[in-house]
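The file target.cif comes next; it holds mmCIF, C-alpha atoms and all ligand atoms.
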```
data_run
#
loop_
_atom_site.label_atom_id
_atom_site.label_comp_id
_atom_site.auth_asym_id
_atom_site.auth_seq_id
_atom_site.Cartn_x
_atom_site.Cartn_y
_atom_site.Cartn_z
CA MET B 1 -178.29 -34.97 -52.52
CA LYS B 2 -177.80 -33.35 -55.94
CA LEU B 3 -174.91 -30.90 -56.21
CA LEU B 4 -176.94 -27.73 -56.79
CA GLN B 5 -179.21 -28.69 -53.93
CA GLN B 6 -176.17 -29.30 -51.71
CA MET B 7 -174.71 -25.94 -52.73
CA THR B 8 -177.98 -24.28 -51.80
CA VAL B 9 -178.07 -25.96 -48.40
CA MET B 10 -174.44 -25.10 -47.62
CA GLY B 11 -174.53 -21.66 -49.25
CA HIS B 12 -171.95 -22.12 -52.01
CA GLU B 13 -171.84 -19.50 -54.72
CA ARG B 14 -169.93 -21.42 -57.36
CA VAL B 15 -168.43 -24.85 -57.97
CA ALA B 16 -166.40 -25.56 -61.11
CA PHE B 17 -164.91 -28.78 -62.51
CA HIS B 18 -161.98 -29.10 -64.85
CA GLN B 19 -160.15 -31.93 -66.59
CA ASP B 20 -157.06 -31.43 -68.68
CA PRO B 21 -156.21 -34.46 -70.84
CA GLU B 22 -152.59 -33.44 -71.46
CA SER B 23 -151.52 -33.22 -67.82
CA GLY B 24 -154.15 -35.62 -66.48
CA LEU B 25 -155.43 -32.91 -64.11
CA ARG B 26 -158.87 -33.49 -62.62
CA ALA B 27 -159.83 -30.72 -60.25
CA VAL B 28 -162.70 -28.94 -58.53
CA ILE B 29 -162.78 -25.35 -57.26
CA ALA B 30 -165.50 -24.38 -54.79
CA VAL B 31 -166.14 -20.75 -53.90
CA HIS B 32 -168.35 -20.71 -50.84
CA ASP B 33 -168.93 -17.04 -50.02
CA THR B 34 -167.43 -13.78 -51.28
CA THR B 35 -169.44 -11.35 -49.15
CA LEU B 36 -166.29 -10.06 -47.46
CA GLY B 37 -164.07 -10.22 -50.55
CA ASN B 38 -162.34 -12.55 -52.95
CA ALA B 39 -161.73 -15.99 -51.55
CA LEU B 40 -158.38 -17.54 -50.69
CA GLY B 41 -158.13 -21.23 -49.93
CA GLY B 42 -155.57 -23.97 -50.39
CA THR B 43 -155.38 -26.52 -53.17
CA ARG B 44 -155.45 -30.08 -51.83
CA ARG B 45 -154.00 -32.96 -53.85
CA TRP B 46 -155.55 -36.17 -52.60
CA CYS B 47 -156.53 -39.66 -53.77
CA TYR B 48 -160.22 -39.83 -52.85
CA ALA B 49 -162.18 -43.06 -52.56
CA SER B 50 -164.79 -41.57 -54.89
CA GLU B 51 -165.63 -38.44 -56.83
CA ALA B 52 -168.49 -37.82 -54.40
CA ASP B 53 -165.98 -37.81 -51.51
CA ALA B 54 -163.84 -35.24 -53.32
CA ILE B 55 -166.83 -33.00 -53.95
CA MET B 56 -167.99 -33.23 -50.34
CA ASP B 57 -164.46 -32.46 -49.14
CA VAL B 58 -164.12 -29.33 -51.27
CA LEU B 59 -167.61 -28.13 -50.26
CA ARG B 60 -166.90 -28.65 -46.56
CA LEU B 61 -163.40 -27.17 -46.66
CA SER B 62 -164.46 -24.08 -48.63
CA GLU B 63 -167.27 -23.37 -46.17
CA GLY B 64 -164.74 -23.67 -43.35
CA MET B 65 -162.51 -21.11 -45.09
CA THR B 66 -165.37 -18.59 -45.12
CA TYR B 67 -165.62 -18.80 -41.33
CA LYS B 68 -161.85 -18.89 -40.83
CA SER B 69 -161.23 -15.72 -42.85
CA ALA B 70 -164.22 -13.88 -41.42
CA ALA B 71 -163.31 -14.74 -37.82
CA ALA B 72 -159.73 -13.64 -38.51
CA GLY B 73 -161.02 -10.21 -39.53
CA LEU B 74 -159.85 -10.52 -43.13
CA ALA B 75 -161.57 -8.89 -46.11
CA MET B 76 -161.70 -12.35 -47.65
CA GLY B 77 -164.32 -14.89 -48.50
CA GLY B 78 -163.95 -18.65 -48.43
CA ALA B 79 -162.95 -21.11 -51.12
CA LYS B 80 -160.91 -24.25 -51.63
CA SER B 81 -159.85 -26.52 -54.46
CA VAL B 82 -159.01 -30.19 -54.77
CA ILE B 83 -156.98 -32.10 -57.32
CA LEU B 84 -158.09 -35.71 -57.59
CA LEU B 85 -155.15 -38.14 -57.71
CA ASP B 86 -155.40 -41.59 -59.32
CA THR B 87 -153.10 -43.18 -56.73
CA PRO B 88 -152.10 -42.08 -53.21
CA GLY B 89 -148.90 -40.06 -53.05
CA GLN B 90 -148.79 -39.50 -56.82
CA GLU B 91 -145.87 -37.17 -57.56
CA PRO B 92 -146.81 -33.60 -58.48
CA THR B 93 -145.78 -32.46 -61.95
CA GLU B 94 -145.18 -29.02 -63.39
CA ALA B 95 -147.69 -29.77 -66.17
CA GLN B 96 -150.40 -30.59 -63.60
CA ALA B 97 -149.62 -27.48 -61.56
CA ARG B 98 -149.66 -25.24 -64.62
CA ALA B 99 -152.98 -26.71 -65.77
CA MET B 100 -154.33 -26.00 -62.29
CA GLY B 101 -152.97 -22.45 -62.52
CA ARG B 102 -154.90 -21.91 -65.76
CA PHE B 103 -158.05 -23.25 -64.10
CA VAL B 104 -157.55 -20.88 -61.15
CA ASP B 105 -157.08 -18.01 -63.59
CA THR B 106 -160.56 -18.54 -65.05
CA PHE B 107 -161.89 -17.17 -61.73
CA ALA B 108 -160.17 -13.83 -62.46
CA GLY B 109 -159.18 -13.36 -58.81
CA ALA B 110 -162.44 -14.42 -57.17
CA TYR B 111 -160.51 -17.56 -56.15
CA ILE B 112 -156.92 -17.36 -54.91
CA ALA B 113 -155.10 -20.68 -54.56
CA ALA B 114 -152.51 -21.57 -51.91
CA GLU B 115 -150.81 -24.55 -50.27
CA ASP B 116 -152.61 -27.44 -48.68
CA VAL B 117 -151.99 -31.17 -48.24
CA GLY B 118 -149.86 -32.42 -51.18
CA VAL B 119 -149.07 -28.92 -52.46
CA SER B 120 -145.66 -27.36 -51.82
CA PRO B 121 -144.32 -23.83 -52.38
CA GLN B 122 -142.80 -25.25 -55.62
CA PHE B 123 -146.23 -26.42 -56.80
CA CYS B 124 -147.56 -22.92 -56.01
CA ALA B 125 -144.71 -21.40 -58.02
CA TRP B 126 -145.63 -23.59 -61.00
CA MET B 127 -149.32 -22.59 -60.70
CA ARG B 128 -148.21 -18.98 -60.54
CA GLU B 129 -146.58 -19.29 -63.96
CA GLU B 130 -150.15 -19.23 -65.30
CA THR B 131 -151.96 -16.83 -62.94
CA ASP B 132 -151.35 -14.02 -60.46
CA HIS B 133 -153.97 -15.48 -58.14
CA VAL B 134 -151.79 -17.88 -56.15
CA MET B 135 -150.08 -17.34 -52.80
CA GLY B 136 -147.56 -19.47 -50.97
CA ASP B 137 -144.71 -19.75 -53.46
CA ALA B 138 -141.32 -18.57 -52.19
CA SER B 139 -141.86 -14.98 -53.42
CA HIS B 140 -145.45 -14.72 -52.18
CA GLY B 141 -145.46 -15.62 -48.53
CA GLY B 142 -143.84 -19.05 -48.81
CA ASP B 143 -144.59 -21.54 -46.05
CA PRO B 144 -147.10 -19.90 -43.66
CA SER B 145 -146.72 -22.50 -40.89
CA PRO B 146 -144.70 -20.25 -38.50
CA TYR B 147 -147.70 -17.89 -38.43
CA THR B 148 -150.11 -20.78 -37.90
CA SER B 149 -148.06 -22.00 -34.94
CA ARG B 150 -147.79 -18.54 -33.42
CA GLY B 151 -151.55 -18.02 -33.76
CA CYS B 152 -152.20 -21.35 -32.08
CA PHE B 153 -149.85 -20.42 -29.24
CA ASN B 154 -151.85 -17.18 -28.83
CA ALA B 155 -155.09 -19.19 -28.74
CA MET B 156 -153.55 -21.37 -25.99
CA ARG B 157 -152.93 -18.25 -23.92
CA ALA B 158 -156.65 -17.39 -24.15
CA CYS B 159 -157.56 -20.97 -23.20
CA LEU B 160 -155.36 -20.82 -20.09
CA ALA B 161 -156.97 -17.54 -19.03
CA PHE B 162 -160.48 -18.89 -19.68
CA ALA B 163 -159.67 -21.96 -17.59
CA GLY B 164 -158.79 -19.61 -14.74
CA ARG B 165 -155.06 -20.27 -14.99
CA PRO B 166 -152.26 -17.72 -15.17
CA ILE B 167 -151.09 -16.95 -18.71
CA ASP B 168 -147.77 -18.56 -18.01
CA PHE B 169 -146.41 -21.74 -19.57
CA HIS B 170 -144.10 -22.56 -16.66
CA GLY B 171 -145.52 -25.72 -15.15
CA VAL B 172 -147.83 -26.28 -18.14
CA THR B 173 -147.59 -29.59 -20.04
CA VAL B 174 -148.76 -29.70 -23.66
CA ALA B 175 -149.29 -32.99 -25.51
CA ILE B 176 -148.73 -32.49 -29.25
CA GLN B 177 -149.80 -34.92 -31.94
CA GLY B 178 -147.57 -34.32 -34.98
CA LEU B 179 -144.21 -32.59 -35.01
CA GLY B 180 -144.32 -31.42 -38.63
CA ALA B 181 -144.31 -27.87 -39.94
CA THR B 182 -146.79 -26.49 -37.40
CA GLY B 183 -146.37 -28.93 -34.50
CA TYR B 184 -142.60 -28.48 -34.31
CA LYS B 185 -142.81 -24.68 -34.24
CA LEU B 186 -145.63 -24.78 -31.72
CA ALA B 187 -143.46 -26.99 -29.51
CA LYS B 188 -140.67 -24.44 -29.87
CA PHE B 189 -142.89 -21.55 -28.74
CA ILE B 190 -144.04 -23.57 -25.72
CA ARG B 191 -140.54 -24.64 -24.77
CA GLU B 192 -139.27 -21.07 -25.13
CA ALA B 193 -142.09 -19.90 -22.85
CA GLY B 194 -140.99 -22.40 -20.19
CA GLY B 195 -143.57 -25.13 -20.89
CA ASP B 196 -143.12 -28.89 -21.06
CA VAL B 197 -144.00 -30.80 -24.24
CA ILE B 198 -144.77 -34.47 -24.67
CA ALA B 199 -145.34 -35.45 -28.27
CA THR B 200 -145.88 -38.16 -30.82
CA ASP B 201 -145.28 -38.46 -34.54
CA VAL B 202 -145.34 -41.37 -36.96
CA ASN B 203 -142.12 -40.05 -38.50
CA PRO B 204 -139.03 -40.96 -36.39
CA THR B 205 -136.99 -38.12 -37.99
CA ALA B 206 -139.51 -35.55 -36.76
CA ILE B 207 -139.32 -37.02 -33.24
CA LYS B 208 -135.52 -37.06 -33.25
CA ARG B 209 -135.32 -33.40 -34.28
CA ALA B 210 -137.81 -32.27 -31.61
CA THR B 211 -136.16 -34.25 -28.83
CA GLU B 212 -132.65 -33.14 -29.76
CA GLU B 213 -133.39 -29.52 -30.55
CA LEU B 214 -136.24 -28.71 -28.18
CA GLY B 215 -136.03 -31.25 -25.38
CA VAL B 216 -139.49 -32.55 -26.19
CA ARG B 217 -140.46 -35.76 -24.35
CA VAL B 218 -141.68 -38.63 -26.50
CA LEU B 219 -144.87 -40.56 -25.89
CA ALA B 220 -144.23 -44.24 -25.18
CA ASP B 221 -145.64 -46.72 -27.72
CA ASP B 222 -148.27 -48.00 -25.31
CA GLN B 223 -149.47 -44.51 -24.32
CA ASP B 224 -152.44 -42.72 -25.87
CA LEU B 225 -151.97 -38.98 -26.27
CA PHE B 226 -155.66 -38.28 -25.69
CA SER B 227 -155.94 -40.06 -22.34
CA LEU B 228 -152.65 -39.07 -20.74
CA ASP B 229 -152.64 -37.98 -17.12
CA GLY B 230 -150.90 -34.77 -16.12
CA VAL B 231 -151.49 -32.97 -19.42
CA ASP B 232 -152.86 -29.42 -19.37
CA ILE B 233 -153.37 -28.89 -23.11
CA VAL B 234 -153.86 -31.43 -25.90
CA ALA B 235 -152.72 -30.05 -29.25
CA PRO B 236 -153.70 -32.03 -32.35
CA CYS B 237 -151.27 -30.87 -35.06
CA ALA B 238 -151.42 -33.68 -37.60
CA LEU B 239 -154.73 -35.11 -38.71
CA GLY B 240 -158.38 -34.09 -38.69
CA ALA B 241 -161.23 -35.91 -36.91
CA VAL B 242 -158.97 -37.07 -34.06
CA LEU B 243 -161.50 -36.30 -31.32
CA ASN B 244 -164.72 -38.29 -31.27
CA SER B 245 -167.47 -39.32 -28.86
CA ARG B 246 -165.33 -42.18 -27.53
CA ASN B 247 -162.03 -40.46 -26.76
CA ILE B 248 -163.63 -37.21 -25.57
CA GLU B 249 -165.18 -39.30 -22.75
CA THR B 250 -161.72 -40.36 -21.58
CA LEU B 251 -159.88 -37.10 -22.29
CA LYS B 252 -158.13 -35.93 -19.11
CA ALA B 253 -156.65 -32.62 -20.29
CA PRO B 254 -158.79 -29.57 -19.46
CA ILE B 255 -157.89 -27.76 -22.73
CA VAL B 256 -157.80 -28.74 -26.44
CA CYS B 257 -156.06 -26.33 -28.79
CA GLY B 258 -154.11 -27.35 -31.89
CA THR B 259 -153.26 -26.41 -35.45
CA ALA B 260 -155.04 -29.28 -37.22
CA ASN B 261 -158.09 -28.60 -39.35
CA ASN B 262 -161.41 -30.23 -38.45
CA ILE B 263 -160.21 -31.65 -35.13
CA LEU B 264 -163.69 -32.85 -34.16
CA ALA B 265 -165.08 -35.88 -36.02
CA ASP B 266 -168.54 -34.32 -35.66
CA PRO B 267 -168.32 -30.61 -34.83
CA ASP B 268 -171.90 -30.50 -33.51
CA SER B 269 -172.12 -33.53 -31.24
CA ASP B 270 -168.43 -33.62 -30.28
CA GLY B 271 -168.44 -29.88 -29.65
CA GLN B 272 -171.39 -30.33 -27.30
CA LEU B 273 -169.72 -33.23 -25.56
CA LEU B 274 -166.61 -31.14 -24.89
CA LYS B 275 -168.79 -28.40 -23.45
CA GLU B 276 -170.69 -30.89 -21.26
CA ARG B 277 -167.40 -32.26 -19.95
CA GLY B 278 -166.20 -28.73 -19.17
CA ILE B 279 -163.23 -29.04 -21.53
CA VAL B 280 -162.06 -25.73 -22.99
CA TYR B 281 -161.88 -26.13 -26.77
CA ALA B 282 -160.30 -23.48 -29.00
CA PRO B 283 -162.26 -23.88 -32.27
CA ASP B 284 -159.76 -25.06 -34.86
CA PHE B 285 -160.51 -22.50 -37.54
CA ILE B 286 -159.81 -19.70 -35.07
CA ALA B 287 -156.71 -21.26 -33.49
CA ASN B 288 -155.09 -22.16 -36.82
CA ALA B 289 -155.89 -18.98 -38.78
CA GLY B 290 -152.33 -17.59 -38.63
CA GLY B 291 -151.37 -19.09 -41.99
CA VAL B 292 -154.32 -17.66 -43.89
CA ILE B 293 -153.82 -14.32 -42.14
CA ARG B 294 -150.27 -14.26 -43.46
CA LEU B 295 -151.05 -15.26 -47.07
CA ALA B 296 -154.33 -13.37 -47.42
CA GLY B 297 -152.77 -10.39 -45.66
CA LEU B 298 -149.92 -10.23 -48.17
CA TYR B 299 -152.38 -10.65 -51.06
CA LEU B 300 -154.50 -7.79 -49.68
CA GLY B 301 -151.44 -5.56 -49.26
CA LEU B 302 -151.30 -5.54 -45.45
CA THR B 303 -147.97 -4.62 -43.88
CA GLU B 304 -145.99 -7.16 -41.82
CA ALA B 305 -146.99 -5.17 -38.70
CA ASP B 306 -150.71 -5.43 -39.64
CA ILE B 307 -150.28 -9.17 -40.18
CA ASP B 308 -148.55 -9.59 -36.83
CA ASP B 309 -151.37 -7.64 -35.15
CA LYS B 310 -153.99 -9.91 -36.68
CA VAL B 311 -152.10 -13.03 -35.59
CA ALA B 312 -151.88 -11.55 -32.09
CA GLU B 313 -155.62 -10.83 -32.21
CA ILE B 314 -156.29 -14.59 -32.32
CA GLU B 315 -155.87 -14.50 -28.53
CA ARG B 316 -158.69 -11.94 -28.15
CA THR B 317 -160.95 -13.69 -30.68
CA THR B 318 -160.47 -17.03 -28.92
CA ALA B 319 -161.27 -15.38 -25.58
CA THR B 320 -164.45 -13.80 -27.02
CA VAL B 321 -165.64 -17.08 -28.52
CA LEU B 322 -164.89 -19.03 -25.35
CA ALA B 323 -166.86 -16.48 -23.34
CA ASP B 324 -169.74 -16.82 -25.86
CA THR B 325 -169.80 -20.60 -25.45
CA ALA B 326 -172.14 -20.36 -22.46
CA SER B 327 -174.94 -19.12 -24.73
CA HIS B 328 -174.26 -21.62 -27.54
CA ALA B 329 -174.37 -25.38 -27.90
CA SER B 330 -170.57 -25.50 -28.06
CA ALA B 331 -167.42 -23.44 -28.58
CA TYR B 332 -167.50 -24.50 -32.22
CA ASP B 333 -171.04 -23.19 -32.54
CA ALA B 334 -170.04 -19.93 -30.86
CA ALA B 335 -167.14 -19.57 -33.31
CA VAL B 336 -169.36 -20.09 -36.36
CA ALA B 337 -171.83 -17.56 -34.94
CA PHE B 338 -168.96 -15.09 -34.39
CA ALA B 339 -167.85 -15.50 -38.03
CA LYS B 340 -171.41 -15.23 -39.34
CA ARG B 341 -171.93 -11.97 -37.46
CA ARG B 342 -168.95 -10.50 -39.32
CA ILE B 343 -170.27 -11.78 -42.66
CA ASP B 344 -173.72 -10.36 -41.95
CA ALA B 345 -172.16 -7.01 -41.03
CA GLY B 346 -170.24 -7.09 -44.33
CA ARG B 347 -173.43 -7.90 -46.27
CA GLU B 348 -175.29 -5.02 -44.62
CA ALA B 349 -172.43 -2.61 -45.29
CA LYS B 350 -172.45 -3.66 -48.96
CA ALA B 351 -176.23 -3.20 -49.17
CA ARG B 352 -175.93 0.29 -47.64
CA HIS B 353 -173.16 1.13 -50.11
CA HIS B 354 -175.27 -0.01 -53.08
CA ALA B 355 -178.30 1.91 -51.79
CA SER B 356 -176.37 5.18 -51.40
P1 LIG S 401 -147.08 -31.50 -41.75
O1 LIG S 401 -147.35 -32.52 -42.79
O2 LIG S 401 -145.88 -30.64 -41.89
O3 LIG S 401 -146.96 -32.22 -40.32
C1 LIG S 401 -147.83 -33.21 -39.89
C2 LIG S 401 -147.01 -34.14 -39.00
O4 LIG S 401 -147.91 -35.08 -38.43
C3 LIG S 401 -145.95 -34.94 -39.76
O5 LIG S 401 -144.70 -34.85 -39.09
C4 LIG S 401 -146.50 -36.36 -39.75
O6 LIG S 401 -145.49 -37.36 -39.73
C5 LIG S 401 -147.31 -36.37 -38.47
N1 LIG S 401 -148.37 -37.38 -38.41
C6 LIG S 401 -149.13 -37.87 -39.39
N2 LIG S 401 -149.98 -38.79 -38.93
C7 LIG S 401 -149.75 -38.87 -37.60
C8 LIG S 401 -150.31 -39.64 -36.56
N3 LIG S 401 -151.27 -40.53 -36.78
N4 LIG S 401 -149.82 -39.48 -35.30
C9 LIG S 401 -148.83 -38.59 -35.05
N5 LIG S 401 -148.27 -37.84 -36.00
C10 LIG S 401 -148.71 -37.98 -37.26
O7 LIG S 401 -148.42 -30.65 -41.63
P2 LIG S 401 -148.65 -29.23 -40.96
O8 LIG S 401 -148.46 -28.17 -41.96
O9 LIG S 401 -147.93 -29.16 -39.66
O10 LIG S 401 -150.22 -29.31 -40.70
C11 LIG S 401 -150.74 -30.08 -39.64
C12 LIG S 401 -152.23 -29.84 -39.54
O11 LIG S 401 -152.47 -28.44 -39.40
C13 LIG S 401 -153.04 -30.27 -40.76
O12 LIG S 401 -154.32 -30.69 -40.31
C14 LIG S 401 -153.19 -28.98 -41.53
O13 LIG S 401 -154.33 -29.00 -42.38
C15 LIG S 401 -153.35 -27.98 -40.40
N6 LIG S 401 -153.02 -26.61 -40.77
C16 LIG S 401 -151.78 -26.30 -41.19
C17 LIG S 401 -151.49 -24.98 -41.54
C18 LIG S 401 -150.12 -24.57 -41.98
O14 LIG S 401 -149.82 -23.36 -42.01
N7 LIG S 401 -149.25 -25.50 -42.35
C19 LIG S 401 -152.49 -23.99 -41.44
C20 LIG S 401 -153.76 -24.35 -40.97
C21 LIG S 401 -154.01 -25.67 -40.65
#
```
Please rewrite the model in this file as structure tokens.
Amino acid sequence: MKLLQQMTVMGHERVAFHQDPESGLRAVIAVHDTTLGNALGGTRRWCYASEADAIMDVLRLSEGMTYKSAAAGLAMGGAKSVILLDTPGQEPTEAQARAMGRFVDTFAGAYIAAEDVGVSPQFCAWMREETDHVMGDASHGGDPSPYTSRGCFNAMRACLAFAGRPIDFHGVTVAIQGLGATGYKLAKFIREAGGDVIATDVNPTAIKRATEELGVRVLADDQDLFSLDGVDIVAPCALGAVLNSRNIETLKAPIVCGTANNILADPDSDGQLLKERGIVYAPDFIANAGGVIRLAGLYLGLTEADIDDKVAEIERTTATVLADTASHASAYDAAVAFAKRRIDAGREAKARHHAS
């Protein structure tokens, strides 16, 4: 499909390309929807198999940000950017970050950049040398992962209640994939609340820290996190697309709730399969919204107390969406519908304002 046609189908307002010969930057910014406000979304540095893959990624991710921000109750739209790397793991440079900052600045605030895969608070600080429209450097929110983890923990509470269980982590076992920035802190919340954690990570240092500091149990090499017996909640906190038609069939845990983006390989069919199997699924963009709430909240001038309230509200939003699942194809579908209702309400309010 041609790009403009794709934008029309997905509802994107604006997609811009930039190449900077001096720094070697090649980047795309996609602004999906600004009905509710300017659009904050991370900058991803990634080595894509093709330019078409990069474009599809930025279109998909920016659309997801629209729903994430709307469902989180933020006066924010949705956008995302990608920097195309020539080789995997290519080191970030200040020149590349500053060139990206100048690109971001051409949006005059309609797009606000932040951290994502391959982008650190330092990279954000370099971008910020060129524009005010960047969050996530040390002086502007820094690493938002503690908020993401707390929001996910709140979503888990709603999942327990929806599954008819007490909201109490004593006696609850959570299987976490990935003990990085979000997975480690999520494990800490669960352990502090009296829960048991079994986890896996490809990085032995991450495992060592979690076992030593939190008493997390480690998955044996021959065990598969997604088909473990005796697990109450599966929490993907590393990669996307980890649940698919095959492993959903053998999933034993009654609840899925993690920090990872795009947990379902196919949100439509996999979402339906989870519903058919009676597995409670906290839609990822609701469960992991704590980070964007923090950074967007600071950008919008919310107080720390307002931000904390919105992160706490993730529990209520998850509960609402789970309750709505009965009248939708899946929990994911119910979550998108929830977000779209907020966007529609924002559009109507704007129309009324313009008419008056
Ligand atoms: P991170 O890089 O700090 O941690 C990811 C961890 O997963 C690492 O320790 C890594 O070694 C491990 N890992 C990688 N592949 C693995 C595999 N196959 N099996 C087990 N472990 C594996 O990343 P993060 O910030 O914790 O983010 C994790 C996920 O959450 C990502 O999908 C990210 O997009 C999403 N997310 C993060 C935030 C945030 O605030 N950081 C916000 C929203 C969504």
Q: Set the cut-off to 6 Å, count all atoms listed in the file, and list whatever residues fall near ligand LIG 401 (chain S) as a ChimeraX atom specification.
A: /B:144-145,148,177-183,200-203,206,237-240,259-261,288,291
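The smallest atom-to-atom distance between Gly215 of chain B and any of B:Ala95, B:Met156, B:Val242, B:Ala187, using only C-alpha atoms, is found for B:Ala187.
Of the listed residues (B:Tyr281, B:Ala296, B:Cys257, B:Gln122), B:Ala296 comes nearest to Leu40 of chain B; the distances count only C-alpha atoms.
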Q) Separation of atom CA of Tyr332 of chain B and atom CA of Asp232 of chain B, in Å? A) 20.1 Å
Q) For Ala39 of chain B, which of B:Gly64, B:Gly258, B:Pro21, B:Gly109 is the closest residue, counting only C-alpha atoms? A) B:Gly109
Taking only residues of segment 208-312 of chain B that have an atom at most 12 Å from an atom of segment 129-133 of chain B, what is each one's shortest atom pair and its distance in Å to one decimal, using all atoms listed in the file, in chain and number order, as a Markdown table?
```
| residue | atom | partner | partner_atom | distance |
| --- | --- | --- | --- | --- |
| B:Leu295 | CA | B:His133 | CA | 11.5 |
| B:Ala296 | CA | B:His133 | CA | 10.9 |
| B:Leu298 | CA | B:His133 | CA | 12.0 |
| B:Tyr299 | CA | B:His133 | CA | 8.7 |
| B:Leu300 | CA | B:His133 | CA | 11.4 |
```
I need the residues from that last selection saved to file as a compact mmCIF listing (two decimals), in the coordinates of the input (with C-alpha atoms), if you can.
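Contents of the output file result.txt:
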```txt
# COMPACT_ATOMS: atom_id res chain seq x y z
CA LEU B 295 -151.05 -15.26 -47.07
CA ALA B 296 -154.33 -13.37 -47.42
CA LEU B 298 -149.92 -10.23 -48.17
CA TYR B 299 -152.38 -10.65 -51.06
CA LEU B 300 -154.50 -7.79 -49.68
```
Return the padded bounding box of segment 340-343 of chain B as JSON: axis-aligned, built from all atoms listed in the file, 5 Å added on each side, with centre and edge lengths in Å to one decimal.
```
{"center_x": -170.4, "center_y": -12.9, "center_z": -40.1, "size_x": 13.0, "size_y": 14.7, "size_z": 15.2}
```
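Residues lying within 10 Å of Cys47 of chain B, counting only C-alpha atoms and ignoring same-chain neighbours fewer than 3 positions away, are Arg44, Ser50, Glu51, Asp53, Ala54, Val82, Ile83, Leu84, Leu85, Asp86, Thr87, Pro88, Gly89 and Gln90 of chain B.
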Hey, can you spit out that residue selection with C-alpha atoms as an mmCIF file, in the coordinates of the input?
```cif
data_model
loop_
_atom_site.group_PDB
_atom_site.id
_atom_site.type_symbol
_atom_site.label_atom_id
_atom_site.label_comp_id
_atom_site.auth_asym_id
_atom_site.auth_seq_id
_atom_site.Cartn_x
_atom_site.Cartn_y
_atom_site.Cartn_z
ATOM 1 C CA ARG B 44 -155.450 -30.080 -51.830
ATOM 2 C CA SER B 50 -164.790 -41.570 -54.890
ATOM 3 C CA GLU B 51 -165.630 -38.440 -56.830
ATOM 4 C CA ASP B 53 -165.980 -37.810 -51.510
ATOM 5 C CA ALA B 54 -163.840 -35.240 -53.320
ATOM 6 C CA VAL B 82 -159.010 -30.190 -54.770
ATOM 7 C CA ILE B 83 -156.980 -32.100 -57.320
ATOM 8 C CA LEU B 84 -158.090 -35.710 -57.590
ATOM 9 C CA LEU B 85 -155.150 -38.140 -57.710
ATOM 10 C CA ASP B 86 -155.400 -41.590 -59.320
ATOM 11 C CA THR B 87 -153.100 -43.180 -56.730
ATOM 12 C CA PRO B 88 -152.100 -42.080 -53.210
ATOM 13 C CA GLY B 89 -148.900 -40.060 -53.050
ATOM 14 C CA GLN B 90 -148.790 -39.500 -56.820
#
```
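Within 12 Å of the point (-161.2, -40.3, -18.3), and counting all atoms listed in the file, the protein, DNA and RNA residues are B:Asp224, B:Phe226, B:Ser227, B:Leu228, B:Asp229, B:Gly230, B:Arg246, B:Asn247, B:Ile248, B:Glu249, B:Thr250, B:Leu251, B:Lys252, B:Ala253, B:Pro254, B:Arg277, B:Ile279.
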Q | Spatial neighbours of Val336 of chain B, 9 Å, all atoms listed in the file, chain gap at least 3 places, as a count of residues only | A | 9
Q.
What's around Asp266 of chain B at 10 Å? Count only C-alpha atoms, leave out sequence neighbours fewer than 2 positions away in its own chain, and write the answer as an MDAnalysis selection string.
A. chainID B and resid 241 243:245 262:264 268:272
Those residues with C-alpha atoms, as a PDB file, keeping the file's coordinate frame please?
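Okay, result-v3.pdb is ready:
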```
ATOM      1  CA  ALA B 241    -161.230 -35.910 -36.910  1.00  0.00           C
ATOM      2  CA  LEU B 243    -161.500 -36.300 -31.320  1.00  0.00           C
ATOM      3  CA  ASN B 244    -164.720 -38.290 -31.270  1.00  0.00           C
ATOM      4  CA  SER B 245    -167.470 -39.320 -28.860  1.00  0.00           C
ATOM      5  CA  ASN B 262    -161.410 -30.230 -38.450  1.00  0.00           C
ATOM      6  CA  ILE B 263    -160.210 -31.650 -35.130  1.00  0.00           C
ATOM      7  CA  LEU B 264    -163.690 -32.850 -34.160  1.00  0.00           C
ATOM      8  CA  ASP B 268    -171.900 -30.500 -33.510  1.00  0.00           C
ATOM      9  CA  SER B 269    -172.120 -33.530 -31.240  1.00  0.00           C
ATOM     10  CA  ASP B 270    -168.430 -33.620 -30.280  1.00  0.00           C
ATOM     11  CA  GLY B 271    -168.440 -29.880 -29.650  1.00  0.00           C
ATOM     12  CA  GLN B 272    -171.390 -30.330 -27.300  1.00  0.00           C
TER      13      GLN B 272
END
```
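Separating atom CA of Gly136 of chain B from atom CA of Arg342 of chain B is a distance of 26.0 Å.
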Q.
I want to know what sits within 8 Å of Ala72 of chain B, based on all atoms listed in the file, with residues of the same chain fewer than 5 positions away left out; could you give that as a ChimeraX atom specification?
A. /B:286,289,293,310,314,317
File dump, residues just selected, C-alpha atoms, as a PDB file, in the frame of the given file:
```pdb
ATOM      1  CA  ILE B 286    -159.810 -19.700 -35.070  1.00  0.00           C
ATOM      2  CA  ALA B 289    -155.890 -18.980 -38.780  1.00  0.00           C
ATOM      3  CA  ILE B 293    -153.820 -14.320 -42.140  1.00  0.00           C
ATOM      4  CA  LYS B 310    -153.990  -9.910 -36.680  1.00  0.00           C
ATOM      5  CA  ILE B 314    -156.290 -14.590 -32.320  1.00  0.00           C
ATOM      6  CA  THR B 317    -160.950 -13.690 -30.680  1.00  0.00           C
TER       7      THR B 317
END
```
Q: Within 10 Å of Leu59 of chain B, counting only C-alpha atoms, which residues show up once you throw out same-chain ones fewer than 2 positions away? Write them as a list in words, please.
A: Leu3, Gln6, Met7, Met10, Gly11, His12, Val15, Val28, Ile29, Ala30, Val31, His32, Asp53, Ala54, Ile55, Met56, Asp57, Leu61, Ser62, Glu63, Gly64, Ala79, Lys80, Ser81 and Val82 of chain B
